[in-house]
>>> print(open('input_34.tsv').read())   # TSV, C-alpha atoms and all ligand atoms
chain	number	residue	atom	x	y	z
E	239	MET	CA	6.89	26.32	42.60
E	240	ALA	CA	3.21	26.43	43.44
E	241	THR	CA	2.34	24.77	46.72
E	242	VAL	CA	-0.58	22.50	47.32
E	243	LEU	CA	0.72	20.52	50.29
E	244	VAL	CA	1.10	23.15	52.97
E	245	ARG	CA	1.25	20.71	55.89
E	246	GLU	CA	2.46	17.48	54.38
E	247	GLU	CA	3.23	15.98	57.78
E	248	THR	CA	-0.49	15.65	58.41
E	249	LEU	CA	-0.60	13.02	55.66
E	250	ASP	CA	2.08	10.97	57.33
E	251	PRO	CA	0.88	7.62	58.72
E	252	SER	CA	2.16	8.60	62.18
E	253	PHE	CA	-0.09	11.66	62.36
E	254	VAL	CA	-2.94	11.31	64.87
E	255	PRO	CA	-6.00	13.02	63.35
E	256	PRO	CA	-7.83	15.45	65.69
E	257	SER	CA	-11.20	13.96	64.76
E	258	LEU	CA	-12.30	10.63	63.32
E	259	PRO	CA	-15.12	11.09	60.81
E	260	GLY	CA	-17.15	7.91	60.44
E	261	ARG	CA	-16.01	6.49	63.78
E	262	GLU	CA	-17.82	8.83	66.17
E	263	ARG	CA	-19.99	6.04	67.56
E	264	GLU	CA	-17.16	3.59	68.14
E	265	TYR	CA	-14.93	6.26	69.62
E	266	GLY	CA	-17.71	7.44	71.95
E	267	ALA	CA	-18.43	3.92	73.17
E	268	LEU	CA	-14.78	3.15	73.92
E	269	PHE	CA	-14.21	6.49	75.61
E	270	GLN	CA	-17.20	5.97	77.90
E	271	ARG	CA	-16.14	2.47	78.88
E	272	TYR	CA	-12.58	3.36	79.76
E	273	ARG	CA	-13.40	6.66	81.40
E	274	GLY	CA	-16.21	5.07	83.42
E	275	ALA	CA	-14.00	2.32	84.78
E	276	ILE	CA	-10.87	4.40	85.33
E	277	SER	CA	-12.72	7.18	87.16
E	278	LYS	CA	-13.86	4.54	89.69
E	279	GLY	CA	-10.33	3.25	90.11
E	280	LEU	CA	-11.17	0.15	88.10
E	281	SER	CA	-9.62	-1.23	84.99
E	282	HIS	CA	-11.19	-2.02	81.63
E	283	HIS	CA	-9.95	-4.40	78.96
E	284	GLN	CA	-10.91	-4.23	75.35
E	285	LEU	CA	-10.14	-5.87	72.05
E	286	LEU	CA	-10.35	-3.72	68.91
E	287	THR	CA	-10.39	-5.45	65.53
E	288	GLY	CA	-10.82	-4.37	61.90
E	289	GLY	CA	-9.31	-4.66	58.43
E	290	ILE	CA	-6.38	-2.78	56.95
E	291	GLY	CA	-6.83	0.97	57.14
E	292	SER	CA	-10.06	0.70	59.10
E	293	GLY	CA	-8.74	3.20	61.63
E	294	LYS	CA	-7.73	0.91	64.51
E	295	THR	CA	-4.43	2.63	65.25
E	296	ALA	CA	-5.88	6.10	64.73
E	297	LEU	CA	-8.75	5.29	67.10
E	298	ALA	CA	-6.45	3.78	69.74
E	299	ARG	CA	-4.09	6.76	69.66
E	300	ARG	CA	-6.86	9.36	69.69
E	301	LEU	CA	-8.45	7.53	72.63
E	302	GLY	CA	-5.14	7.52	74.48
E	303	GLU	CA	-4.70	11.27	73.97
E	304	GLU	CA	-8.20	12.08	75.22
E	305	LEU	CA	-8.16	9.71	78.19
E	306	ARG	CA	-4.85	11.18	79.27
E	307	ARG	CA	-6.50	14.51	80.08
E	308	PRO	CA	-7.35	14.61	83.80
E	309	ILE	CA	-11.06	14.28	84.60
E	310	ARG	CA	-10.89	17.31	86.85
E	311	ALA	CA	-8.15	19.63	88.00
E	312	GLY	CA	-5.89	17.86	90.47
E	313	ALA	CA	-7.10	14.36	89.57
E	314	ALA	CA	-4.46	11.80	88.74
E	315	SER	CA	-4.00	11.63	85.02
E	316	LEU	CA	-3.85	8.37	83.14
E	317	GLN	CA	-0.52	7.18	81.83
E	318	VAL	CA	-0.91	5.73	78.35
E	319	ILE	CA	1.74	3.31	77.15
E	320	TYR	CA	1.54	2.51	73.45
E	321	VAL	CA	3.53	-0.39	72.03
E	322	ASN	CA	3.43	-1.61	68.46
E	323	CYS	CA	4.06	-5.35	68.79
E	324	TRP	CA	4.58	-6.10	65.16
E	325	ARG	CA	8.37	-5.97	65.22
E	326	ARG	CA	8.60	-7.15	68.79
E	327	ALA	CA	6.69	-10.36	68.62
E	328	ASN	CA	7.93	-11.81	71.89
E	329	ASP	CA	7.20	-11.09	75.52
E	330	ARG	CA	10.75	-10.11	76.43
E	331	SER	CA	11.10	-7.33	73.87
E	332	ILE	CA	7.70	-5.94	74.75
E	333	LEU	CA	8.49	-6.00	78.44
E	334	LEU	CA	11.76	-4.17	77.78
E	335	GLU	CA	9.74	-1.45	76.06
E	336	LEU	CA	7.23	-1.33	78.94
E	337	LEU	CA	10.03	-1.18	81.51
E	338	ARG	CA	11.34	1.95	79.84
E	339	SER	CA	7.92	3.53	80.28
E	340	VAL	CA	8.21	3.12	84.07
E	341	GLY	CA	11.73	4.50	84.03
E	342	VAL	CA	13.73	1.27	84.27
E	343	SER	CA	16.22	0.18	81.68
E	344	LEU	CA	17.42	-3.39	81.85
E	345	PRO	CA	20.00	-5.02	79.63
E	346	ASP	CA	18.51	-7.19	76.92
E	347	ARG	CA	20.00	-10.36	78.37
E	348	GLY	CA	20.54	-11.94	81.74
E	349	TYR	CA	17.02	-11.73	83.16
E	350	SER	CA	14.23	-14.26	83.02
E	351	LEU	CA	10.73	-13.22	82.08
E	352	THR	CA	9.58	-13.63	85.71
E	353	GLU	CA	12.40	-11.41	86.95
E	354	MET	CA	11.55	-8.80	84.38
E	355	LEU	CA	7.90	-8.88	85.44
E	356	ASP	CA	8.99	-8.39	89.05
E	357	VAL	CA	11.06	-5.38	88.10
E	358	PHE	CA	8.12	-3.98	86.13
E	359	GLU	CA	5.87	-4.43	89.17
E	360	GLN	CA	8.33	-2.52	91.34
E	361	GLY	CA	8.40	0.23	88.72
E	362	LEU	CA	4.60	0.47	88.78
E	363	ARG	CA	4.59	0.70	92.58
E	364	ARG	CA	7.10	3.52	92.57
E	365	THR	CA	4.78	5.76	90.57
E	366	PRO	CA	1.26	4.63	91.34
E	367	GLY	CA	-1.65	5.80	89.22
E	368	PRO	CA	-3.99	4.53	86.53
E	369	ARG	CA	-2.44	3.18	83.37
E	370	LEU	CA	-3.58	2.08	79.95
E	371	ILE	CA	-1.39	-0.26	77.95
E	372	VAL	CA	-2.18	-0.28	74.23
E	373	LEU	CA	-0.76	-3.30	72.43
E	374	ASP	CA	-1.16	-2.58	68.73
E	375	GLU	CA	-0.72	-5.28	66.07
E	376	VAL	CA	-0.84	-7.87	68.80
E	377	GLY	CA	-1.96	-10.79	66.58
E	378	ALA	CA	1.34	-12.61	66.20
E	379	LEU	CA	2.21	-12.11	69.86
E	380	VAL	CA	-1.05	-13.65	71.03
E	381	ARG	CA	-0.78	-16.57	68.64
E	382	GLN	CA	2.65	-17.29	70.03
E	383	GLY	CA	1.07	-17.76	73.44
E	384	THR	CA	2.03	-14.53	75.20
E	385	LYS	CA	1.92	-14.50	79.01
E	386	LEU	CA	1.69	-10.73	79.18
E	387	VAL	CA	-2.03	-10.45	78.55
E	388	TYR	CA	-2.68	-12.84	81.42
E	389	PHE	CA	-0.36	-10.90	83.69
E	390	PHE	CA	-1.77	-7.46	82.87
E	391	SER	CA	-5.42	-8.41	82.81
E	392	ARG	CA	-5.01	-9.93	86.30
E	393	ALA	CA	-2.98	-6.98	87.52
E	394	ARG	CA	-5.55	-5.89	90.09
E	395	GLU	CA	-5.30	-9.19	91.84
E	396	ILE	CA	-1.60	-8.79	92.16
E	397	ALA	CA	-2.14	-5.33	93.61
E	398	LEU	CA	-0.76	-3.08	90.92
E	399	GLY	CA	-3.66	-0.70	90.84
E	400	SER	CA	-5.75	0.13	87.83
E	401	LEU	CA	-4.06	-1.25	84.76
E	402	SER	CA	-6.24	-1.29	81.65
E	403	LEU	CA	-5.51	-3.00	78.36
E	404	LEU	CA	-6.42	-2.26	74.78
E	405	LEU	CA	-5.49	-5.01	72.36
E	406	VAL	CA	-5.52	-4.12	68.66
E	407	ALA	CA	-5.46	-6.74	65.91
E	408	PRO	CA	-6.93	-7.35	62.46
E	409	GLU	CA	-8.92	-10.35	63.65
E	410	ASP	CA	-10.35	-11.81	66.80
E	411	VAL	CA	-7.47	-13.06	68.94
E	412	LEU	CA	-9.46	-14.09	72.00
E	413	PRO	CA	-9.60	-17.77	70.99
E	414	TYR	CA	-5.80	-17.87	71.33
E	415	LEU	CA	-5.82	-16.55	74.89
E	416	ASP	CA	-5.97	-18.68	78.01
E	417	GLY	CA	-9.36	-19.06	79.67
E	418	ALA	CA	-8.63	-16.64	82.50
E	419	SER	CA	-7.57	-13.79	80.19
E	420	ARG	CA	-10.46	-14.47	77.87
E	421	SER	CA	-12.93	-14.13	80.70
E	422	SER	CA	-11.54	-10.74	81.68
E	423	PHE	CA	-12.29	-9.53	78.15
E	424	GLY	CA	-15.66	-11.14	77.77
E	425	ILE	CA	-17.78	-10.90	74.65
E	426	THR	CA	-18.95	-7.36	75.24
E	427	HIS	CA	-15.37	-6.12	75.37
E	428	SER	CA	-14.69	-6.71	71.77
E	429	LEU	CA	-15.33	-4.09	69.11
E	430	HIS	CA	-15.01	-4.61	65.38
E	431	LEU	CA	-14.52	-1.75	62.91
E	432	GLU	CA	-16.37	-2.35	59.64
E	433	PRO	CA	-14.69	-1.21	56.41
E	434	TYR	CA	-15.38	2.42	55.51
E	435	ASP	CA	-17.93	3.12	52.81
E	436	GLU	CA	-17.58	5.77	50.12
E	437	ALA	CA	-19.36	8.46	52.14
E	438	ALA	CA	-17.13	7.92	55.20
E	439	LEU	CA	-13.98	7.92	53.07
E	440	HIS	CA	-15.09	11.16	51.45
E	441	LYS	CA	-15.51	12.76	54.88
E	442	ILE	CA	-12.10	11.49	55.96
E	443	LEU	CA	-10.52	12.91	52.80
E	444	LEU	CA	-12.28	16.24	53.25
E	445	ALA	CA	-11.09	16.53	56.84
E	446	ARG	CA	-7.52	15.63	55.97
E	447	ALA	CA	-7.40	17.82	52.87
E	448	ALA	CA	-8.50	20.75	55.05
E	449	LEU	CA	-5.43	20.12	57.23
E	450	ALA	CA	-2.85	19.23	54.63
E	451	LEU	CA	-3.70	21.21	51.51
E	452	ARG	CA	-3.74	24.91	50.82
E	453	PRO	CA	-7.27	26.29	51.05
E	454	GLY	CA	-8.54	26.89	47.53
E	455	SER	CA	-6.19	24.34	45.97
E	456	TYR	CA	-8.91	21.71	45.61
E	457	SER	CA	-12.66	21.42	45.39
E	458	PRO	CA	-14.61	19.02	47.64
E	459	GLU	CA	-16.10	17.19	44.62
E	460	LEU	CA	-12.62	16.38	43.42
E	461	LEU	CA	-12.14	14.12	46.43
E	462	LEU	CA	-15.20	12.05	45.60
E	463	PRO	CA	-13.57	9.92	42.87
E	464	LEU	CA	-10.70	9.22	45.27
E	465	ALA	CA	-13.16	8.04	47.91
E	466	ARG	CA	-14.90	5.94	45.28
E	467	ALA	CA	-11.65	4.31	44.22
E	468	ALA	CA	-10.82	3.37	47.82
E	469	ALA	CA	-14.33	2.22	48.74
E	470	PRO	CA	-14.03	-1.40	47.50
E	471	ARG	CA	-11.26	-1.85	50.07
E	472	GLY	CA	-12.81	0.35	52.75
E	473	ASP	CA	-9.25	1.42	53.49
E	474	ALA	CA	-8.65	4.98	54.71
E	475	ARG	CA	-4.89	4.66	54.29
E	476	PHE	CA	-5.31	3.90	50.60
E	477	ALA	CA	-7.67	6.87	50.20
E	478	LEU	CA	-5.15	9.19	51.87
E	479	GLU	CA	-2.34	7.84	49.68
E	480	LEU	CA	-4.41	8.71	46.63
E	481	LEU	CA	-4.87	12.22	47.97
E	482	ALA	CA	-1.15	12.65	48.64
E	483	ASN	CA	-0.30	11.33	45.17
E	484	ALA	CA	-2.74	13.66	43.47
E	485	ALA	CA	-1.40	16.65	45.38
E	486	ARG	CA	2.19	15.76	44.58
E	487	ALA	CA	1.33	15.30	40.90
E	488	ALA	CA	-0.08	18.83	40.77
E	489	GLU	CA	2.98	20.27	42.52
E	490	LEU	CA	5.38	18.42	40.24
E	491	GLU	CA	3.80	20.13	37.29
E	492	GLY	CA	4.09	23.46	39.03
E	493	ARG	CA	0.37	23.89	39.48
E	494	GLY	CA	-1.17	25.26	42.66
E	495	GLU	CA	-4.47	23.52	42.15
E	496	LEU	CA	-5.64	19.93	41.92
E	497	THR	CA	-7.44	18.90	38.74
E	498	PRO	CA	-9.56	15.83	37.97
E	499	GLU	CA	-6.60	14.67	35.90
E	500	ASP	CA	-4.39	14.57	39.02
E	501	ALA	CA	-7.02	12.48	40.75
E	502	ARG	CA	-7.19	10.08	37.81
E	503	ARG	CA	-3.44	9.85	37.58
E	504	ALA	CA	-3.20	9.11	41.30
E	505	ARG	CA	-5.66	6.26	40.88
E	506	SER	CA	-4.03	4.77	37.82
E	507	SER	CA	-0.55	4.95	39.31
E	508	LEU	CA	-1.73	2.57	42.00
E	509	VAL	CA	-3.38	0.16	39.55
E	510	PRO	CA	-1.03	0.29	36.56
E	511	GLY	CA	-1.36	-1.68	33.41
E	512	GLU	CA	-4.79	-3.06	34.00
E	513	SER	CA	-6.65	-0.68	31.69
E	514	GLU	CA	-3.97	-1.01	29.10
E	515	LEU	CA	-4.53	-4.75	28.83
E	516	ARG	CA	-8.24	-4.29	28.38
E	517	LEU	CA	-7.72	-1.95	25.43
E	518	ASP	CA	-6.14	-4.75	23.41
E	519	GLU	CA	-9.38	-6.66	23.45
E	520	LEU	CA	-11.47	-3.86	21.97
E	521	PRO	CA	-12.23	-3.44	18.23
E	522	PRO	CA	-11.28	-0.12	16.53
E	523	PRO	CA	-14.80	1.40	16.53
E	524	VAL	CA	-14.96	1.03	20.30
E	525	LEU	CA	-11.46	2.42	20.68
E	526	LEU	CA	-12.53	5.44	18.64
E	527	ALA	CA	-15.48	6.08	20.93
E	528	LEU	CA	-13.15	5.89	23.92
E	529	LEU	CA	-10.76	8.30	22.24
E	530	ALA	CA	-13.71	10.68	21.88
E	531	VAL	CA	-14.27	10.43	25.64
E	532	ALA	CA	-10.60	11.11	26.33
E	533	ARG	CA	-10.46	14.10	23.94
E	534	THR	CA	-13.58	15.63	25.42
E	535	LEU	CA	-12.28	15.27	28.94
E	536	ARG	CA	-8.89	16.73	28.21
E	537	GLY	CA	-8.33	19.79	30.37
E	538	PRO	CA	-10.10	20.73	33.54
E	539	ARG	CA	-13.35	18.89	32.83
E	540	SER	CA	-14.09	15.84	35.00
E	541	GLY	CA	-17.19	14.70	33.12
E	542	ALA	CA	-19.18	15.43	29.97
E	543	THR	CA	-22.56	14.57	28.51
E	544	THR	CA	-22.76	11.77	25.93
E	545	GLU	CA	-24.00	14.33	23.40
E	546	ARG	CA	-20.85	16.36	23.76
E	547	ILE	CA	-18.74	13.28	23.42
E	548	ARG	CA	-20.63	12.29	20.30
E	549	GLN	CA	-19.73	15.64	18.75
E	550	THR	CA	-16.05	14.99	19.39
E	551	TYR	CA	-16.59	11.52	18.01
E	552	GLY	CA	-17.97	12.98	14.77
E	553	THR	CA	-14.81	15.03	14.29
E	554	LEU	CA	-12.63	12.06	15.07
E	555	ALA	CA	-14.49	9.82	12.61
E	556	GLU	CA	-13.65	12.31	9.88
E	557	GLU	CA	-10.07	12.53	11.02
E	558	TYR	CA	-9.70	8.76	10.86
E	559	GLY	CA	-11.70	8.44	7.64
E	560	VAL	CA	-14.45	6.22	8.97
E	561	THR	CA	-18.20	6.59	8.81
E	562	ALA	CA	-19.63	7.65	12.14
E	563	VAL	CA	-21.99	5.19	13.78
E	564	SER	CA	-25.60	6.08	14.52
E	565	ARG	CA	-26.64	7.69	17.75
E	566	VAL	CA	-28.10	4.44	19.07
E	567	THR	CA	-24.97	2.46	18.26
E	568	PHE	CA	-22.83	5.15	19.82
E	569	TRP	CA	-24.88	4.97	23.02
E	570	ARG	CA	-24.49	1.20	23.01
E	571	THR	CA	-20.74	1.55	22.63
E	572	ILE	CA	-20.65	3.91	25.59
E	573	ARG	CA	-22.51	1.28	27.64
E	574	GLN	CA	-20.01	-1.34	26.55
E	575	LEU	CA	-17.10	0.87	27.69
E	576	GLU	CA	-18.85	1.21	31.00
E	577	ARG	CA	-19.19	-2.57	31.36
E	578	GLU	CA	-15.49	-2.91	30.58
E	579	GLY	CA	-14.84	-0.55	33.48
E	580	LEU	CA	-13.06	1.97	31.26
E	581	ILE	CA	-15.49	4.79	31.85
E	582	GLU	CA	-18.08	5.59	34.46
E	583	LEU	CA	-21.58	6.61	33.60
E	584	GLU	CA	-23.50	8.82	35.97
E	585	PRO	CA	-27.15	8.18	35.14
E	586	ALA	CA	-29.36	11.03	34.07
E	587	SER	CA	-31.47	12.73	36.72
E	588	VAL	CA	-34.24	15.28	36.56
E	589	GLY	CA	-33.02	18.22	34.51
E	590	ARG	CA	-29.59	16.71	34.00
E	591	PRO	CA	-28.46	14.39	31.20
E	592	ALA	CA	-26.25	11.35	31.79
E	593	ARG	CA	-22.59	12.18	32.21
E	594	VAL	CA	-19.51	10.21	31.33
E	595	THR	CA	-16.40	10.27	33.50
E	596	LEU	CA	-13.18	8.33	33.13
E	597	SER	CA	-12.46	5.60	35.63
E	598	ASP	CA	-8.84	5.14	36.51
E	599	VAL	CA	-6.91	6.19	33.42
E	600	PRO	CA	-5.23	9.57	33.03
E	601	VAL	CA	-6.58	11.24	29.91
E	602	SER	CA	-3.26	12.12	28.29
E	603	HIS	CA	-1.92	8.62	28.72
E	604	LEU	CA	-5.12	7.08	27.43
E	605	GLU	CA	-5.12	9.30	24.36
E	606	MET	CA	-1.62	8.21	23.53
E	607	LEU	CA	-2.47	4.53	23.91
E	608	LEU	CA	-5.61	4.82	21.81
E	609	GLU	CA	-4.01	6.80	19.03
E	610	GLY	CA	-1.22	4.26	18.80
E	611	ARG	CA	-3.68	1.40	18.52
E	612	LEU	CA	-5.96	3.15	16.04
E	613	LYS	CA	-3.05	4.02	13.77
E	614	ARG	CA	-1.97	0.41	13.72
E	615	ALA	CA	-5.52	-0.65	12.88
E	616	LYS	CA	-6.01	1.97	10.14
E	617	PRO	CA	-4.35	0.44	7.07
E	618	LYS	CA	-6.80	-2.47	7.11
E	619	SER	CA	-9.28	-0.63	4.83
E	620	ARG	CA	-12.00	1.31	6.58
E	621	PRO	CA	-13.00	-0.37	9.80
E	622	SER	CA	-16.53	-1.64	9.69
E	623	VAL	CA	-18.52	0.56	12.00
E	624	ARG	CA	-20.46	-1.88	14.01
E	625	ALA	CA	-20.20	-1.85	17.74
E	626	THR	CA	-21.48	-4.78	19.69
E	701	LIG	N1	-12.01	7.91	60.84
E	701	LIG	C1	-10.87	8.42	60.42
E	701	LIG	N2	-10.73	9.76	60.35
E	701	LIG	C2	-9.57	10.31	59.92
E	701	LIG	N3	-8.51	9.60	59.54
E	701	LIG	C3	-8.58	8.26	59.60
E	701	LIG	C4	-9.75	7.60	60.04
E	701	LIG	N4	-9.55	6.28	59.99
E	701	LIG	C5	-8.30	6.09	59.52
E	701	LIG	N5	-7.71	7.29	59.29
E	701	LIG	C6	-6.37	7.50	58.76
E	701	LIG	O1	-6.13	6.48	57.79
E	701	LIG	C7	-4.84	5.93	57.92
E	701	LIG	C8	-4.94	4.47	58.26
E	701	LIG	O2	-5.60	4.31	59.51
E	701	LIG	P1	-5.01	3.37	60.67
E	701	LIG	O3	-3.52	3.39	60.63
E	701	LIG	O4	-5.65	3.75	61.93
E	701	LIG	O5	-5.54	1.96	60.15
E	701	LIG	P2	-5.38	0.54	60.86
E	701	LIG	O6	-6.74	-0.01	61.03
E	701	LIG	O7	-4.53	0.67	62.06
E	701	LIG	O8	-4.66	-0.28	59.70
E	701	LIG	P3	-3.57	-1.48	59.86
E	701	LIG	O9	-4.32	-2.72	60.12
E	701	LIG	O10	-2.91	-1.52	58.51
E	701	LIG	O11	-2.62	-1.12	60.97
E	701	LIG	C9	-4.14	6.76	58.97
E	701	LIG	O12	-3.42	7.78	58.34
E	701	LIG	C10	-5.28	7.35	59.79
E	701	LIG	O13	-4.92	8.57	60.36
E	702	MG	MG	-2.66	-0.01	62.62
>>> encode(input="input_34.tsv", output="structure tokens")
Amino acid sequence: MATVLVREETLDPSFVPPSLPGREREYGALFQRYRGAISKGLSHHQLLTGGIGSGKTALARRLGEELRRPIRAGAASLQVIYVNCWRRANDRSILLELLRSVGVSLPDRGYSLTEMLDVFEQGLRRTPGPRLIVLDEVGALVRQGTKLVYFFSRAREIALGSLSLLLVAPEDVLPYLDGASRSSFGITHSLHLEPYDEAALHKILLARAALALRPGSYSPELLLPLARAAAPRGDARFALELLANAARAAELEGRGELTPEDARRARSSLVPGESELRLDELPPPVLLALLAVARTLRGPRSGATTERIRQTYGTLAEEYGVTAVSRVTFWRTIRQLEREGLIELEPASVGRPARVTLSDVPVSHLEMLLEGRLKRAKPKSRPSVRAT
């Protein structure tokens, strides 16, 4: 079988990407702040927020990996302790996890929170050195009134050395913290990741495709529609899922190369049914124009000029025994399909006519749906050829 995915593990959510396109500025700022404080033996606390797939976890993990490298040979290196708090939304279970990181294992029961904190303190003293605790998905924990943030952000005062915190959550959690903890974060210590735009998602896809896919199995332009489909959410995870789906679709069919059809199929598999419903609302002449788009785009082509599509339309009109509409009406129908979200229209530019591409429907599937509907519509005499 032809391979496209040569390093599939790099598409796994647990993979920490070597670079973070679109987040260079945020990464640089955080790195400077932590490195600056830690190199002086101080601690730094930070809150990182952002929507789903905005790169919070990737940024936190990348930061941890880089900060871990010693500043100079012989310098103490930072110990990074990463805990995902989502499944452990209480202080005890998080402390148990943290205790393991300082080499202590306590039974789950029989100790109070204060006793556990004492044991953790002893553990820290045994192996002194700077530490960074990353608490990912910390929202629920903070809303439940955790004591841990207070304890860790005051760690210097209780003589534990430099203990820095990075809290990661979808939204601002500082209002839920006690006044003392809040003041150790301060307003400047809060960074929000805006959703990715299409250009950033395209860069992310390009970088990941270069790692995961066989060179030559895809073209950079092919990733653009995937970025476009994920842009309304600004979600890099969704974009990468689309990429993985497209690559798997190609492999399943025994092809070693990604086609625009794989990209379309990946998109439609994640938004099923929607386009199908819209077809039922369209009159036969419009369906025929859409069938012309689908026929023209069958095969490796990702877009075609309206003129080319009109040629196919002419043949189809004969096939279905209807009179073809005029050029102007055809153009209007194309615009209507665009408004319905069934096709995309790239406007004409200097030296290049407008091009039609299909939004989220795989061509073969669309053809089947349209032919079925047109056949059902056919017996009713010749459809009147007026498009709105
Ligand atoms: N700038 C980026 N460069 C490369 N890959 C990225 C970037 N941002 C996110 N990713 C990738 O996108 C996926 C989702 O990112 P991540 O898990 O960091 O999102 P998140 O903000 O933590 O989302 P959630 O709120 O759901 O936990 C991961 O596979 C991650 O590696
Ligand atoms: Mg995350």
>>> residues_near_point(input="input_34.tsv", point="(-2.0, 6.7, 69.2)", cutoff="9 Å", atoms="all atoms listed in the file", output="PyMOL selection string")
chain E and resi 252-254+295-303+320+372
>>> write_last_selection(input="input_34.tsv", atoms="C-alpha atoms", output="compact mmCIF listing (two decimals), in the coordinates of the input")
# COMPACT_ATOMS: atom_id res chain seq x y z
CA SER E 252 2.16 8.60 62.18
CA PHE E 253 -0.09 11.66 62.36
CA VAL E 254 -2.94 11.31 64.87
CA THR E 295 -4.43 2.63 65.25
CA ALA E 296 -5.88 6.10 64.73
CA LEU E 297 -8.75 5.29 67.10
CA ALA E 298 -6.45 3.78 69.74
CA ARG E 299 -4.09 6.76 69.66
CA ARG E 300 -6.86 9.36 69.69
CA LEU E 301 -8.45 7.53 72.63
CA GLY E 302 -5.14 7.52 74.48
CA GLU E 303 -4.70 11.27 73.97
CA TYR E 320 1.54 2.51 73.45
CA VAL E 372 -2.18 -0.28 74.23
>>> axis_aligned_box(input="input_34.tsv", around="ligand LIG 701 (chain E)", padding_each_side="8 Å", output="JSON")
{"center_x": -7.3, "center_y": 3.8, "center_z": 59.9, "size_x": 25.4, "size_y": 29.0, "size_z": 20.3}
>>> residues_near_ligand(input="input_34.tsv", ligand="ligand LIG 701 (chain E)", cutoff="6 Å", atoms="only C-alpha atoms and all ligand atoms", output="PyMOL selection string")
chain E and resi 251+254-255+258-261+289-296+408+442+474-475
>>> closest_residue(input="input_34.tsv", among="E:Arg338, E:Arg364, E:Leu529, E:Gly494", to="Met606 in chain E", atoms="all atoms listed in the file")
E:Leu529
>>> residues_near_point(input="input_34.tsv", point="(-11.3, 16.4, 34.1)", cutoff="10 Å", atoms="only C-alpha atoms", output="list in words")
Leu460, Thr497, Pro498, Glu499, Asp500, Ala501, Arg502, Ala532, Thr534, Leu535, Arg536, Gly537, Pro538, Arg539, Ser540, Gly541, Ala542, Thr595, Leu596, Pro600 and Val601 of chain E
>>> write_last_selection(input="input_34.tsv", atoms="C-alpha atoms", output="compact mmCIF listing (two decimals), in the coordinates of the input")
# COMPACT_ATOMS: atom_id res chain seq x y z
CA LEU E 460 -12.62 16.38 43.42
CA THR E 497 -7.44 18.90 38.74
CA PRO E 498 -9.56 15.83 37.97
CA GLU E 499 -6.60 14.67 35.90
CA ASP E 500 -4.39 14.57 39.02
CA ALA E 501 -7.02 12.48 40.75
CA ARG E 502 -7.19 10.08 37.81
CA ALA E 532 -10.60 11.11 26.33
CA THR E 534 -13.58 15.63 25.42
CA LEU E 535 -12.28 15.27 28.94
CA ARG E 536 -8.89 16.73 28.21
CA GLY E 537 -8.33 19.79 30.37
CA PRO E 538 -10.10 20.73 33.54
CA ARG E 539 -13.35 18.89 32.83
CA SER E 540 -14.09 15.84 35.00
CA GLY E 541 -17.19 14.70 33.12
CA ALA E 542 -19.18 15.43 29.97
CA THR E 595 -16.40 10.27 33.50
CA LEU E 596 -13.18 8.33 33.13
CA PRO E 600 -5.23 9.57 33.03
CA VAL E 601 -6.58 11.24 29.91
>>> closest_residue(input="input_34.tsv", among="E:Val321, E:Ile572, E:Val387, E:Ala311", to="Glu584 in chain E", atoms="all atoms listed in the file")
E:Ile572
>>> decode(input="input_34.tsv", residues="range 441-450 of chain E", atoms="N, CA and C atoms", output="PDB file, in the first residue's frame")
ATOM      1  N   LYS E 441       0.251  27.824   8.017  1.00  0.00           N
ATOM      2  CA  LYS E 441       1.657  27.621   8.409  1.00  0.00           C
ATOM      3  C   LYS E 441       1.799  26.416   9.332  1.00  0.00           C
ATOM      4  N   ILE E 442       0.858  26.292  10.255  1.00  0.00           N
ATOM      5  CA  ILE E 442       0.886  25.162  11.187  1.00  0.00           C
ATOM      6  C   ILE E 442       0.745  23.845  10.411  1.00  0.00           C
ATOM      7  N   LEU E 443      -0.193  23.833   9.462  1.00  0.00           N
ATOM      8  CA  LEU E 443      -0.397  22.625   8.653  1.00  0.00           C
ATOM      9  C   LEU E 443       0.835  22.299   7.821  1.00  0.00           C
ATOM     10  N   LEU E 444       1.445  23.335   7.246  1.00  0.00           N
ATOM     11  CA  LEU E 444       2.637  23.115   6.427  1.00  0.00           C
ATOM     12  C   LEU E 444       3.753  22.499   7.265  1.00  0.00           C
ATOM     13  N   ALA E 445       3.942  23.073   8.467  1.00  0.00           N
ATOM     14  CA  ALA E 445       5.014  22.579   9.332  1.00  0.00           C
ATOM     15  C   ALA E 445       4.752  21.130   9.736  1.00  0.00           C
ATOM     16  N   ARG E 446       3.490  20.826  10.064  1.00  0.00           N
ATOM     17  CA  ARG E 446       3.202  19.474  10.534  1.00  0.00           C
ATOM     18  C   ARG E 446       3.221  18.471   9.388  1.00  0.00           C
ATOM     19  N   ALA E 447       2.742  18.903   8.210  1.00  0.00           N
ATOM     20  CA  ALA E 447       2.769  18.006   7.058  1.00  0.00           C
ATOM     21  C   ALA E 447       4.219  17.644   6.722  1.00  0.00           C
ATOM     22  N   ALA E 448       5.119  18.616   6.871  1.00  0.00           N
ATOM     23  CA  ALA E 448       6.528  18.352   6.576  1.00  0.00           C
ATOM     24  C   ALA E 448       7.090  17.285   7.511  1.00  0.00           C
ATOM     25  N   LEU E 449       6.541  17.191   8.719  1.00  0.00           N
ATOM     26  CA  LEU E 449       7.002  16.177   9.667  1.00  0.00           C
ATOM     27  C   LEU E 449       6.317  14.832   9.438  1.00  0.00           C
ATOM     28  N   ALA E 450       5.016  14.898   9.182  1.00  0.00           N
ATOM     29  CA  ALA E 450       4.226  13.662   9.230  1.00  0.00           C
ATOM     30  C   ALA E 450       4.075  12.970   7.880  1.00  0.00           C
TER      31      ALA E 450
END
